[in-house]
$ cat upload06.txt   # compact mmCIF, C-alpha atoms
# COMPACT_ATOMS: atom_id res chain seq x y z
CA MET A 21 28.12 47.95 20.99
CA LYS A 22 29.23 44.49 19.82
CA LYS A 23 28.13 43.10 16.45
CA VAL A 24 26.34 39.75 16.62
CA LEU A 25 25.65 37.03 14.10
CA VAL A 26 22.31 35.39 14.97
CA ILE A 27 21.69 31.83 13.81
CA SER A 28 18.08 30.78 14.27
CA TYR A 29 15.75 28.45 12.39
CA THR A 30 13.02 31.09 12.70
CA SER A 31 13.55 34.64 11.51
CA LEU A 32 13.32 37.75 13.71
CA ILE A 33 9.60 38.07 13.13
CA SER A 34 6.99 39.15 15.67
CA SER A 35 4.23 36.90 14.27
CA THR A 36 5.96 33.72 15.55
CA PRO A 37 6.77 32.88 19.19
CA ASN A 38 10.43 32.03 18.56
CA GLY A 39 10.92 35.08 16.38
CA ARG A 40 9.40 37.32 19.04
CA THR A 41 11.58 35.69 21.69
CA MET A 42 14.77 36.47 19.79
CA GLN A 43 13.60 40.02 19.15
CA SER A 44 13.17 40.44 22.89
CA LEU A 45 16.57 38.90 23.63
CA LEU A 46 18.34 41.27 21.22
CA GLN A 47 16.22 44.35 21.93
CA ASN A 48 19.10 46.58 23.09
CA ILE A 49 21.39 45.77 20.16
CA PRO A 50 21.01 48.22 17.25
CA ALA A 51 19.74 46.62 14.05
CA GLU A 52 22.88 47.73 12.20
CA ASN A 53 24.88 45.49 14.56
CA ILE A 54 22.79 42.36 13.91
CA SER A 55 23.25 39.88 11.07
CA LEU A 56 20.89 36.94 10.73
CA PHE A 57 20.98 33.45 9.25
CA CYS A 58 17.55 31.80 9.18
CA CYS A 59 15.48 29.13 7.44
CA TYR A 60 11.86 30.11 8.16
CA GLY A 61 10.13 33.40 7.51
CA VAL A 62 11.73 36.78 6.87
CA PRO A 63 12.77 39.39 9.45
CA ASP A 64 10.52 42.28 10.34
CA LYS A 65 11.71 45.53 8.84
CA GLY A 66 14.47 47.16 10.87
CA ASN A 67 15.41 44.09 12.94
CA CYS A 68 18.80 43.39 11.35
CA ALA A 69 21.28 44.87 8.91
CA SER A 70 21.59 41.75 6.76
CA CYS A 71 19.76 38.44 6.48
CA TYR A 72 20.93 35.27 4.73
CA LYS A 73 18.15 32.73 4.34
CA VAL A 74 18.35 29.08 3.34
CA SER A 75 14.95 27.42 3.52
CA ASN A 76 14.43 23.67 3.51
CA LYS A 77 13.36 23.99 -0.13
CA ASP A 78 16.58 25.87 -0.88
CA ALA A 79 18.58 23.06 0.76
CA VAL A 80 16.82 20.52 -1.50
CA ASN A 81 17.53 22.63 -4.58
CA SER A 82 21.19 22.89 -3.62
CA LEU A 83 21.55 19.13 -4.12
CA PHE A 84 21.23 19.78 -7.84
CA LYS A 85 22.51 23.32 -8.30
CA ALA A 86 24.72 25.23 -5.89
CA ASN A 87 23.51 28.69 -6.88
CA CYS A 88 19.94 27.74 -5.87
CA ALA A 89 20.93 27.52 -2.20
CA GLY A 90 19.23 30.63 -0.84
CA GLY A 91 21.00 33.90 -0.28
CA VAL A 92 20.69 37.43 1.06
CA ILE A 93 17.17 38.86 1.37
CA ASP A 94 16.33 42.52 1.89
CA ALA A 95 15.99 43.12 5.64
CA CYS A 96 15.11 46.80 5.23
CA VAL A 97 11.71 46.47 3.55
CA ASP A 98 8.30 45.34 4.74
CA HIS A 99 7.23 41.78 3.92
CA ASP A 100 3.85 40.12 4.29
CA PRO A 101 4.61 37.80 7.24
CA GLY A 102 1.67 35.50 6.60
CA GLU A 103 2.57 34.93 2.96
CA GLU A 104 6.25 34.39 3.73
CA LEU A 105 5.48 31.87 6.48
CA LYS A 106 3.13 29.96 4.19
CA LYS A 107 5.97 29.50 1.70
CA ASP A 108 8.11 27.81 4.35
CA GLN A 109 5.34 25.93 6.17
CA ARG A 110 6.06 22.29 7.01
CA ASN A 111 3.65 19.94 5.25
CA GLY A 112 2.06 16.89 6.83
CA PRO A 113 2.47 15.33 10.28
CA ARG A 114 5.77 15.15 12.16
CA LYS A 115 7.49 11.92 11.15
CA ALA A 116 10.96 10.90 12.33
CA TRP A 117 12.00 9.60 8.91
CA LYS A 118 11.25 13.03 7.41
CA TYR A 119 13.55 14.67 9.95
CA VAL A 120 16.34 12.21 9.11
CA ALA A 121 15.83 12.88 5.41
CA LYS A 122 15.98 16.63 6.06
CA GLU A 123 19.27 16.26 7.94
CA LEU A 124 20.75 14.26 5.06
CA ILE A 125 19.65 16.97 2.62
CA TRP A 126 21.28 19.69 4.73
CA LEU A 127 24.43 17.57 5.07
CA LEU A 128 24.75 16.79 1.37
CA GLY A 129 23.37 20.02 -0.09
CA ARG A 130 25.71 22.69 -1.44
CA TRP A 131 24.20 25.57 0.53
CA LYS A 132 27.40 26.34 2.46
CA ASN A 133 28.96 27.67 -0.73
CA LYS A 134 31.34 30.50 -1.63
CA LYS A 135 28.49 33.02 -1.63
CA PHE A 136 27.51 32.06 1.92
CA LYS A 137 31.09 32.05 3.23
CA SER A 138 31.73 35.49 1.73
CA TRP A 139 28.59 36.84 3.42
CA LEU A 140 29.63 35.25 6.71
CA HIS A 141 33.00 37.03 6.75
CA GLU A 142 31.56 40.32 5.53
CA GLN A 143 29.45 40.66 8.68
CA ASN A 144 32.51 41.28 10.88
CA ALA A 145 30.64 39.84 13.85
CA ASP A 146 32.13 39.81 17.34
CA CYS A 147 29.93 36.98 18.62
CA VAL A 148 27.59 34.22 17.40
CA VAL A 149 24.21 33.93 19.12
CA TYR A 150 22.42 30.67 18.36
CA MET A 151 18.82 29.85 19.27
CA TYR A 152 18.98 26.20 20.25
CA GLY A 153 16.92 23.62 18.41
CA ASP A 154 17.31 19.90 17.79
CA GLN A 155 18.32 20.27 14.12
CA ALA A 156 21.90 18.99 14.03
CA SER A 157 22.75 20.90 10.85
CA LEU A 158 22.03 24.27 12.46
CA GLN A 159 23.87 23.35 15.66
CA ASN A 160 26.84 22.40 13.51
CA LEU A 161 26.50 25.66 11.59
CA ALA A 162 26.71 27.65 14.83
CA VAL A 163 29.92 25.82 15.78
CA TYR A 164 31.30 26.24 12.25
CA ALA A 165 30.61 30.00 12.24
CA SER A 166 32.24 30.43 15.66
CA LYS A 167 35.39 28.58 14.56
CA GLU A 168 35.55 30.01 11.03
CA LEU A 169 35.31 33.59 12.30
CA ASN A 170 37.26 32.90 15.51
CA ILE A 171 34.57 34.51 17.66
CA PRO A 172 32.74 33.25 20.77
CA LEU A 173 29.44 31.41 20.66
CA VAL A 174 26.55 32.11 23.05
CA VAL A 175 23.56 29.73 23.06
CA TYR A 176 20.01 30.72 23.96
CA SER A 177 17.68 27.85 24.86
CA CYS A 178 14.03 27.55 25.82
CA GLU A 179 13.92 23.87 24.77
CA ASP A 180 14.99 20.61 26.39
CA TYR A 181 15.33 18.34 23.34
CA CYS A 182 18.70 17.06 24.53
CA LEU A 183 17.17 16.02 27.88
CA LYS A 184 14.32 13.98 26.40
CA ASP A 185 14.64 10.19 26.56
CA TYR A 186 11.60 9.32 24.43
CA ASN A 187 10.37 9.69 20.84
CA TYR A 188 9.02 13.25 20.84
CA LEU A 189 8.60 13.45 17.05
CA ASP A 190 5.96 10.88 16.15
CA ARG A 191 5.30 9.42 19.62
CA LYS A 192 6.07 5.82 18.65
CA LYS A 193 7.62 3.79 21.43
CA ALA A 194 10.32 2.44 19.17
CA SER A 195 11.58 3.99 15.95
CA ILE A 196 14.89 3.41 14.21
CA TRP A 197 14.40 6.74 12.42
CA PHE A 198 14.02 8.65 15.67
CA TRP A 199 17.03 6.84 17.12
CA ILE A 200 19.12 7.99 14.14
CA TYR A 201 17.80 11.54 14.35
CA GLN A 202 18.39 11.78 18.09
CA LYS A 203 21.93 10.40 17.77
CA LEU A 204 22.74 13.07 15.18
CA SER A 205 21.15 15.78 17.31
CA LEU A 206 22.81 14.78 20.59
CA ALA A 207 26.24 14.51 18.97
CA ALA A 208 25.78 18.01 17.55
CA THR A 209 24.60 19.28 20.96
CA ARG A 210 27.76 18.00 22.62
CA ARG A 211 29.88 19.82 20.03
CA LEU A 212 27.74 22.92 20.47
CA PHE A 213 28.19 23.17 24.22
CA ARG A 214 31.89 22.35 24.05
CA GLN A 215 32.26 25.40 21.82
CA ALA A 216 29.84 27.65 23.74
CA ALA A 217 31.25 30.48 25.85
CA GLY A 218 27.91 30.97 27.58
CA LEU A 219 24.31 29.79 27.85
CA ILE A 220 21.11 31.79 28.37
CA THR A 221 17.90 29.92 29.23
CA ASN A 222 14.28 30.88 29.85
CA SER A 223 14.19 29.37 33.35
CA ASP A 224 16.58 28.63 36.20
CA LYS A 225 15.61 24.96 36.20
CA LEU A 226 16.40 24.39 32.53
CA GLY A 227 19.72 26.21 32.94
CA GLU A 228 20.66 24.07 35.93
CA GLU A 229 19.89 20.79 34.11
CA LEU A 230 21.79 21.76 30.96
CA ALA A 231 24.74 23.05 32.98
CA GLU A 232 24.95 19.79 34.94
CA LYS A 233 24.63 17.56 31.87
CA TYR A 234 27.14 19.43 29.69
CA GLY A 235 29.46 20.99 32.24
CA ILE A 236 28.54 24.60 31.38
CA SER A 237 29.78 27.14 33.92
CA ASN A 238 28.52 30.43 32.45
CA VAL A 239 24.70 30.31 32.61
CA SER A 240 22.11 33.11 32.92
CA THR A 241 18.32 33.20 32.94
CA VAL A 242 16.31 35.63 30.81
CA MET A 243 12.54 35.47 30.71
CA MET A 244 10.97 37.26 27.77
CA ALA A 245 10.16 40.89 28.52
CA SER A 246 6.93 42.52 27.42
CA GLN A 247 6.69 45.79 25.52
CA MET A 248 3.17 46.36 26.87
CA GLU A 249 2.36 48.95 29.50
CA PHE A 250 0.44 47.68 32.54
CA ILE A 251 -3.05 49.20 32.29
CA ARG A 252 -5.34 47.71 34.92
CA ASN A 253 -8.32 45.93 33.36
CA GLY A 254 -9.86 44.06 36.27
CA GLU A 255 -13.41 45.30 36.58
CA VAL A 256 -16.08 42.59 36.54
CA ARG A 257 -18.32 43.03 33.49
CA SER A 258 -21.86 42.00 32.71
CA THR A 259 -22.20 38.61 31.05
CA GLU A 260 -23.07 40.26 27.74
CA ASP A 261 -19.86 42.30 27.80
CA THR A 262 -17.59 39.51 29.08
CA THR A 263 -14.95 38.23 26.64
CA ILE A 264 -12.67 35.27 27.34
CA THR A 265 -9.72 34.94 24.98
CA TYR A 266 -7.00 32.49 24.00
CA LEU A 267 -4.26 33.72 21.67
CA GLY A 268 -1.36 31.61 20.46
CA ALA A 269 -0.30 28.18 19.28
CA LEU A 270 -3.07 25.74 18.34
CA GLY A 271 -1.45 22.32 18.06
CA THR A 272 -2.84 19.03 19.30
CA ALA A 273 -1.39 19.66 22.79
CA ARG A 274 -4.02 22.35 23.45
CA ILE A 275 -7.20 21.51 21.53
CA GLN A 276 -8.77 19.24 24.15
CA ALA A 277 -8.10 21.75 26.93
CA LEU A 278 -9.60 24.58 24.90
CA THR A 279 -12.78 22.63 24.12
CA GLU A 280 -13.12 21.74 27.81
CA ILE A 281 -12.97 25.45 28.63
CA GLY A 282 -15.61 26.15 25.99
CA ASP A 283 -17.86 23.46 27.50
CA ALA A 284 -17.34 24.82 31.03
CA LEU A 285 -18.28 28.34 29.93
CA GLN A 286 -21.50 27.02 28.42
CA LYS A 287 -22.38 25.43 31.77
CA ILE A 288 -21.91 28.79 33.49
CA ASP A 289 -23.95 30.71 30.89
CA SER A 290 -24.73 29.85 27.28
CA ARG A 291 -23.85 33.44 26.27
CA LEU A 292 -20.22 32.94 27.31
CA LYS A 293 -17.80 31.92 24.56
CA LEU A 294 -14.06 31.33 24.31
CA ASP A 295 -12.64 33.49 21.52
CA ILE A 296 -9.61 31.80 19.94
CA TYR A 297 -6.97 33.48 17.77
CA GLY A 298 -4.18 31.54 16.09
CA ARG A 299 -3.10 29.53 13.08
CA THR A 300 -4.07 25.84 12.94
CA THR A 301 -4.81 22.95 10.59
CA ASP A 302 -8.16 22.44 8.87
CA ALA A 303 -8.84 19.34 10.96
CA LEU A 304 -8.18 21.09 14.28
CA LYS A 305 -10.11 24.15 13.13
CA GLU A 306 -13.12 21.93 12.47
CA GLN A 307 -12.76 20.43 15.93
CA LEU A 308 -12.73 23.87 17.53
CA GLU A 309 -15.67 25.18 15.52
CA SER A 310 -17.78 22.15 16.45
CA CYS A 311 -17.70 23.24 20.11
CA PRO A 312 -20.68 25.54 20.94
CA GLY A 313 -18.60 27.41 23.51
CA ILE A 314 -15.85 28.45 21.06
CA ARG A 315 -15.54 31.19 18.45
CA TYR A 316 -12.52 30.69 16.19
CA HIS A 317 -11.13 33.86 14.59
CA GLY A 318 -7.98 32.60 12.87
CA PHE A 319 -4.55 34.20 12.74
CA VAL A 320 -4.09 37.90 13.55
CA SER A 321 -1.08 40.22 13.69
CA TYR A 322 0.84 40.84 16.91
CA GLU A 323 -0.53 44.40 16.98
CA LYS A 324 -4.07 42.96 16.91
CA VAL A 325 -3.09 40.45 19.61
CA GLN A 326 -2.16 43.32 21.94
CA GLN A 327 -5.46 45.08 21.26
CA VAL A 328 -7.45 41.93 21.97
CA MET A 329 -5.54 41.32 25.21
CA ARG A 330 -6.41 44.77 26.49
CA SER A 331 -10.10 44.51 25.57
CA SER A 332 -10.66 41.00 27.01
CA SER A 333 -12.15 40.23 30.40
CA LEU A 334 -9.99 37.15 30.92
CA LEU A 335 -7.01 35.66 29.09
CA ILE A 336 -6.46 31.91 28.83
CA GLU A 337 -3.41 29.67 28.70
CA ALA A 338 -4.35 26.03 28.11
CA ILE A 339 -2.47 22.75 27.77
CA ASN A 340 -4.00 19.26 27.63
CA ASN A 341 -3.87 17.23 30.82
CA ASP A 342 -2.12 14.30 29.16
CA PRO A 343 0.92 12.31 30.44
CA TYR A 344 2.79 12.75 27.17
CA VAL A 345 2.12 16.48 27.09
CA VAL A 346 3.31 16.85 30.69
CA LYS A 347 6.75 15.41 29.97
CA ASN A 348 7.00 17.08 26.56
CA LYS A 349 6.08 20.56 27.86
CA ARG A 350 7.81 20.56 31.24
CA TYR A 351 10.07 23.48 30.26
CA GLY A 352 7.64 25.01 27.77
CA PHE A 353 7.34 28.57 29.03
CA SER A 354 4.91 30.30 26.65
CA THR A 355 6.23 33.46 24.99
CA LYS A 356 2.88 35.13 25.61
CA TYR A 357 3.22 34.83 29.42
CA ALA A 358 5.09 38.13 29.61
CA ASP A 359 2.34 39.99 27.73
CA CYS A 360 -0.42 38.23 29.67
CA PHE A 361 1.00 39.42 32.99
CA ALA A 362 2.05 42.86 31.76
CA CYS A 363 -1.09 43.94 29.90
CA GLY A 364 -3.29 44.32 32.99
CA THR A 365 -5.95 41.71 32.11
CA PRO A 366 -6.37 38.70 34.45
CA LEU A 367 -5.04 35.32 33.27
CA LEU A 368 -6.34 31.80 33.84
CA VAL A 369 -3.99 28.86 33.37
CA TYR A 370 -5.66 25.52 32.65
CA ALA A 371 -2.82 23.04 32.49
CA PRO A 372 -1.25 20.05 34.26
CA ALA A 373 0.48 20.64 37.58
CA GLY A 374 3.74 19.07 36.41
CA ILE A 375 4.85 21.74 33.93
CA ILE A 376 6.81 24.92 34.54
CA GLU A 377 4.04 27.32 33.47
CA THR A 378 1.63 25.97 36.07
CA ALA A 379 4.30 25.80 38.78
CA PHE A 380 5.25 29.44 38.16
CA ALA A 381 1.64 30.65 38.33
CA LEU A 382 0.99 28.71 41.55
CA GLU A 383 4.24 29.78 43.20
CA HIS A 384 3.59 33.48 42.60
CA ASN A 385 -0.24 33.46 42.75
CA CYS A 386 -0.20 35.59 39.60
CA ALA A 387 -2.91 33.72 37.64
CA PHE A 388 -6.04 31.74 38.30
CA VAL A 389 -5.11 28.06 38.00
CA ALA A 390 -7.12 24.92 37.30
CA THR A 391 -5.25 21.64 36.94
CA SER A 392 -8.25 19.36 36.36
CA VAL A 393 -11.54 19.51 34.49
CA ASP A 394 -13.37 19.08 37.80
CA ALA A 395 -11.94 22.37 39.08
CA LEU A 396 -12.35 24.26 35.84
CA GLU A 397 -15.92 25.57 36.07
CA GLN A 398 -15.54 27.00 39.57
CA THR A 399 -12.17 28.53 38.73
CA LEU A 400 -13.70 30.22 35.69
CA ARG A 401 -16.56 31.61 37.82
CA THR A 402 -14.07 33.08 40.27
CA ALA A 403 -11.83 34.47 37.55
CA LEU A 404 -14.74 36.15 35.76
CA PHE A 405 -16.96 37.38 38.55
CA ASP A 406 -15.03 37.67 41.85
CA GLN A 407 -13.81 41.28 41.97
CA ASP A 408 -11.52 40.82 44.98
CA ALA A 409 -9.88 37.74 43.46
CA ARG A 410 -9.32 39.55 40.16
CA ASN A 411 -7.71 42.48 42.00
CA ARG A 412 -5.38 40.15 43.93
CA GLN A 413 -4.38 38.36 40.76
CA LEU A 414 -3.53 41.61 38.98
CA ASP A 415 -1.49 42.87 41.95
CA ALA A 416 0.60 39.69 41.78
CA ALA A 417 0.85 39.86 37.97
CA LYS A 418 2.28 43.39 38.19
CA LYS A 419 4.79 42.19 40.77
CA VAL A 420 6.07 39.23 38.72
CA THR A 421 6.29 41.43 35.63
CA ASP A 422 8.64 43.76 37.47
CA MET A 423 10.64 40.86 38.92
CA TYR A 424 10.96 38.39 36.06
CA PHE A 425 9.85 40.00 32.79
CA ASN A 426 11.65 43.27 33.30
CA LYS A 427 13.06 44.80 30.14
CA GLU A 428 15.96 46.63 31.80
CA LYS A 429 17.07 43.57 33.78
CA ASN A 430 16.99 41.44 30.63
CA ILE A 431 19.01 44.00 28.68
CA GLN A 432 21.64 44.08 31.41
CA THR A 433 21.85 40.27 31.64
CA VAL A 434 22.23 39.77 27.88
CA ALA A 435 24.75 42.61 27.56
CA SER A 436 26.80 41.16 30.39
CA MET A 437 26.78 37.69 28.84
CA LEU A 438 27.80 38.90 25.37
CA SER A 439 30.48 41.34 26.54
CA GLY A 440 31.87 38.73 28.91
CA ALA A 441 32.06 36.14 26.14
CA VAL A 442 33.82 38.56 23.78
CA SER A 443 36.30 39.75 26.41
CA LYS A 444 37.41 36.15 27.05
CA LYS A 445 38.13 35.52 23.37

$ encode --input "upload06.txt" --output "C-alpha cells"
Amino acid sequence: MKKVLVISYTSLISSTPNGRTMQSLLQNIPAENISLFCCYGVPDKGNCASCYKVSNKDAVNSLFKANCAGGVIDACVDHDPGEELKKDQRNGPRKAWKYVAKELIWLLGRWKNKKFKSWLHEQNADCVVYMYGDQASLQNLAVYASKELNIPLVVYSCEDYCLKDYNYLDRKKASIWFWIYQKLSLAATRRLFRQAAGLITNSDKLGEELAEKYGISNVSTVMMASQMEFIRNGEVRSTEDTTITYLGALGTARIQALTEIGDALQKIDSRLKLDIYGRTTDALKEQLESCPGIRYHGFVSYEKVQQVMRSSSLLIEAINNDPYVVKNKRYGFSTKYADCFACGTPLLVYAPAGIIETAFALEHNCAFVATSVDALEQTLRTALFDQDARNRQLDAAKKVTDMYFNKEKNIQTVASMLSGAVSKK
C-alpha cells in the first residue's frame, strides 16, 4: 500500500463536512500510511500516522518568531473536536481584504521552516493528495511538496472556485481586494494542475469542466460513500410521532429555506416542527428560533447525527432559492447526501432547480423535491403521509446508494488513481 501525504485546510475530522469527505476518500489506506498537513481542527484518533498543523494564528506568529509556526500534533490520542474547532474558527464576516491579508501573512511568514521541511522528508510519502481550495498558499504548498519530494500530486476537488467569474467572498459587484485574491488563486490553480498527475472530483460535470479548462487528461469521479447500513424506515407515523430533521451546515444560504419549511409544516399541522442540528452564528440562531415551526438543537457529534437520521420520519436538505446561491452552489454536492440515501429514511430536497443536488434527485427520483415555496406544502404532505410514495423513494434511494455512493467502487477508483500516478513517476 502506497504512503500518501495529505494536504488539506481541514483536518481528517468527522465533525466537519470536508474532514469527513477526506476520510471517506482515504478509507482504504491504513492510517500508518497517511501523513497530514492541515490548518483547521485536529485529526480524529487513528486517521493518520503523523499530523503537522499550521493554523492561521500560527502563520501570523511566524512573522515574528519562526519557532512559533505550528508543528507536529499527536494524531494518536483523542481530542475534543468542538474545542479544537473553536480555537481555529474564523471570526467575523467574509471580506475579500481579509483573504488578501491572510495570503500575505502565509507568503511572508516563516512557517515553511527547517522543522517543517524535516518533517516533510521524514514521511517518505509516495504521493501527495491535495484537497482543492481557493487558498493560493496551500495550492502552492501542494506543488512545492510534490517537487521537493519528487513524487506525483493528485488533486481532489468538490469546489469550482476557479470557474467562478464573480465576487463570491463578499458579494460586492466590484472589489479590488477580490480581484487581487482571485488573481493569486487562479495563478496558483494553473500551477497546481500543471503539476497534477490526476484529478478526482465529486461529480462528472465538475470533472469535465475542470479537465476542459486546464487540459487535464486523467480524471475520475468519486461520490462520498456512506458507512451506514440501509435499514428501511419508511412507515407513515402519527402526527405526534412524526419528526422532520435537518442536519448540517447553517450558513446564510440555507436559513430562509429552512424557515419556509418550518412555516409550511405549521400550515399542515401546528404540532409539526423542523428539528435542526448544526453549528451557526448567534444572529442566525435567533432567526431560526423565532420561527414557530423550528426547534434548534445546536451542534451534535457525527455519531448522534447517525442516530437522529435513523429515528427521523423525514430528512431535509434545503438551499435558498436565490440567484446568487444558485450560481454559487451549482456544484455543491452535500457530504450528507450519501448518509441521507443510505440510512433508509426518506429525504426531501427543497432547493433551486439549477444546482447539482436538485438535478441528481430529480434525475434518479431518489428524493422528494420542491423547487418553489408554492410547491413546498404539498410536497411535504406527500413525503410525510403518502406510504406508496415513501416506499418508491426509498427503493430509488437504495438503488442510487449502490450505484454512486458505493464504498467498494470508491476504494477501487481511488486506488487505481493513486497507483497509476505513482507508476508514471

$ residues_around --input "upload06.txt" --residues "Ala79 in chain A" --least-positions-apart "6" --cutoff "12 Å" --atoms "only C-alpha atoms" --output "ChimeraX atom specification"
/A:59,73,85-91,121-133,157

$ residues_around --input "upload06.txt" --residues "Ile375 in chain A" --least-positions-apart "3" --cutoff "7 Å" --atoms "all atoms listed in the file" --output "PyMOL selection string"
chain A and resi 346+349-351+372+378-379

$ atom_distance --input "upload06.txt" --atom1 "CA of Ser205 in chain A" --atom2 "CA of Thr355 in chain A"
24.4 Å

$ atom_distance --input "upload06.txt" --atom1 "CA of Ala273 in chain A" --atom2 "CA of Arg191 in chain A"
12.6 Å

$ atom_distance --input "upload06.txt" --atom1 "CA of Lys287 in chain A" --atom2 "CA of Leu304 in chain A"
22.9 Å

$ closest_residue --input "upload06.txt" --among "A:Arg291, A:Lys135, A:Arg214, A:Lys203" --to "Val163 in chain A" --atoms "all atoms listed in the file"
A:Arg214

$ decode --input "upload06.txt" --residues "range 142-157 of chain A" --atoms "N, CA and C atoms" --output "PDB file, in the first residue's frame"
ATOM      1  N   GLU A 142      10.696  13.248   6.268  1.00  0.00           N
ATOM      2  CA  GLU A 142      10.609  12.066   7.136  1.00  0.00           C
ATOM      3  C   GLU A 142       9.399  11.191   6.831  1.00  0.00           C
ATOM      4  N   GLN A 143       8.403  11.727   6.166  1.00  0.00           N
ATOM      5  CA  GLN A 143       7.184  10.959   5.898  1.00  0.00           C
ATOM      6  C   GLN A 143       7.371   9.901   4.813  1.00  0.00           C
ATOM      7  N   ASN A 144       8.388  10.050   3.991  1.00  0.00           N
ATOM      8  CA  ASN A 144       8.669   9.074   2.926  1.00  0.00           C
ATOM      9  C   ASN A 144       7.427   8.755   2.086  1.00  0.00           C
ATOM     10  N   ALA A 145       6.697   9.803   1.753  1.00  0.00           N
ATOM     11  CA  ALA A 145       5.449   9.619   1.005  1.00  0.00           C
ATOM     12  C   ALA A 145       5.726   9.248  -0.448  1.00  0.00           C
ATOM     13  N   ASP A 146       4.801   8.485  -1.027  1.00  0.00           N
ATOM     14  CA  ASP A 146       4.879   8.121  -2.440  1.00  0.00           C
ATOM     15  C   ASP A 146       4.045   9.046  -3.314  1.00  0.00           C
ATOM     16  N   CYS A 147       3.124   9.792  -2.683  1.00  0.00           N
ATOM     17  CA  CYS A 147       2.189  10.616  -3.456  1.00  0.00           C
ATOM     18  C   CYS A 147       1.627  11.715  -2.560  1.00  0.00           C
ATOM     19  N   VAL A 148       1.391  12.893  -3.139  1.00  0.00           N
ATOM     20  CA  VAL A 148       0.696  13.974  -2.447  1.00  0.00           C
ATOM     21  C   VAL A 148      -0.763  13.964  -2.879  1.00  0.00           C
ATOM     22  N   VAL A 149      -1.670  14.021  -1.905  1.00  0.00           N
ATOM     23  CA  VAL A 149      -3.101  14.175  -2.197  1.00  0.00           C
ATOM     24  C   VAL A 149      -3.540  15.512  -1.613  1.00  0.00           C
ATOM     25  N   TYR A 150      -4.012  16.400  -2.465  1.00  0.00           N
ATOM     26  CA  TYR A 150      -4.396  17.742  -2.031  1.00  0.00           C
ATOM     27  C   TYR A 150      -5.890  17.950  -2.213  1.00  0.00           C
ATOM     28  N   MET A 151      -6.569  18.404  -1.140  1.00  0.00           N
ATOM     29  CA  MET A 151      -7.980  18.762  -1.251  1.00  0.00           C
ATOM     30  C   MET A 151      -8.076  20.208  -1.697  1.00  0.00           C
ATOM     31  N   TYR A 152      -8.561  20.404  -2.909  1.00  0.00           N
ATOM     32  CA  TYR A 152      -8.550  21.718  -3.546  1.00  0.00           C
ATOM     33  C   TYR A 152      -9.391  22.745  -2.794  1.00  0.00           C
ATOM     34  N   GLY A 153      -8.793  23.918  -2.630  1.00  0.00           N
ATOM     35  CA  GLY A 153      -9.477  25.097  -2.128  1.00  0.00           C
ATOM     36  C   GLY A 153      -8.909  26.308  -2.843  1.00  0.00           C
ATOM     37  N   ASP A 154      -9.476  27.480  -2.594  1.00  0.00           N
ATOM     38  CA  ASP A 154      -9.023  28.663  -3.333  1.00  0.00           C
ATOM     39  C   ASP A 154      -7.853  29.371  -2.672  1.00  0.00           C
ATOM     40  N   GLN A 155      -7.344  28.870  -1.542  1.00  0.00           N
ATOM     41  CA  GLN A 155      -6.222  29.498  -0.859  1.00  0.00           C
ATOM     42  C   GLN A 155      -4.931  29.230  -1.622  1.00  0.00           C
ATOM     43  N   ALA A 156      -4.386  30.264  -2.235  1.00  0.00           N
ATOM     44  CA  ALA A 156      -3.206  30.108  -3.089  1.00  0.00           C
ATOM     45  C   ALA A 156      -2.033  29.497  -2.332  1.00  0.00           C
ATOM     46  N   SER A 157      -1.855  29.873  -1.072  1.00  0.00           N
ATOM     47  CA  SER A 157      -0.714  29.378  -0.306  1.00  0.00           C
ATOM     48  C   SER A 157      -0.738  27.866  -0.153  1.00  0.00           C
TER      49      SER A 157
END
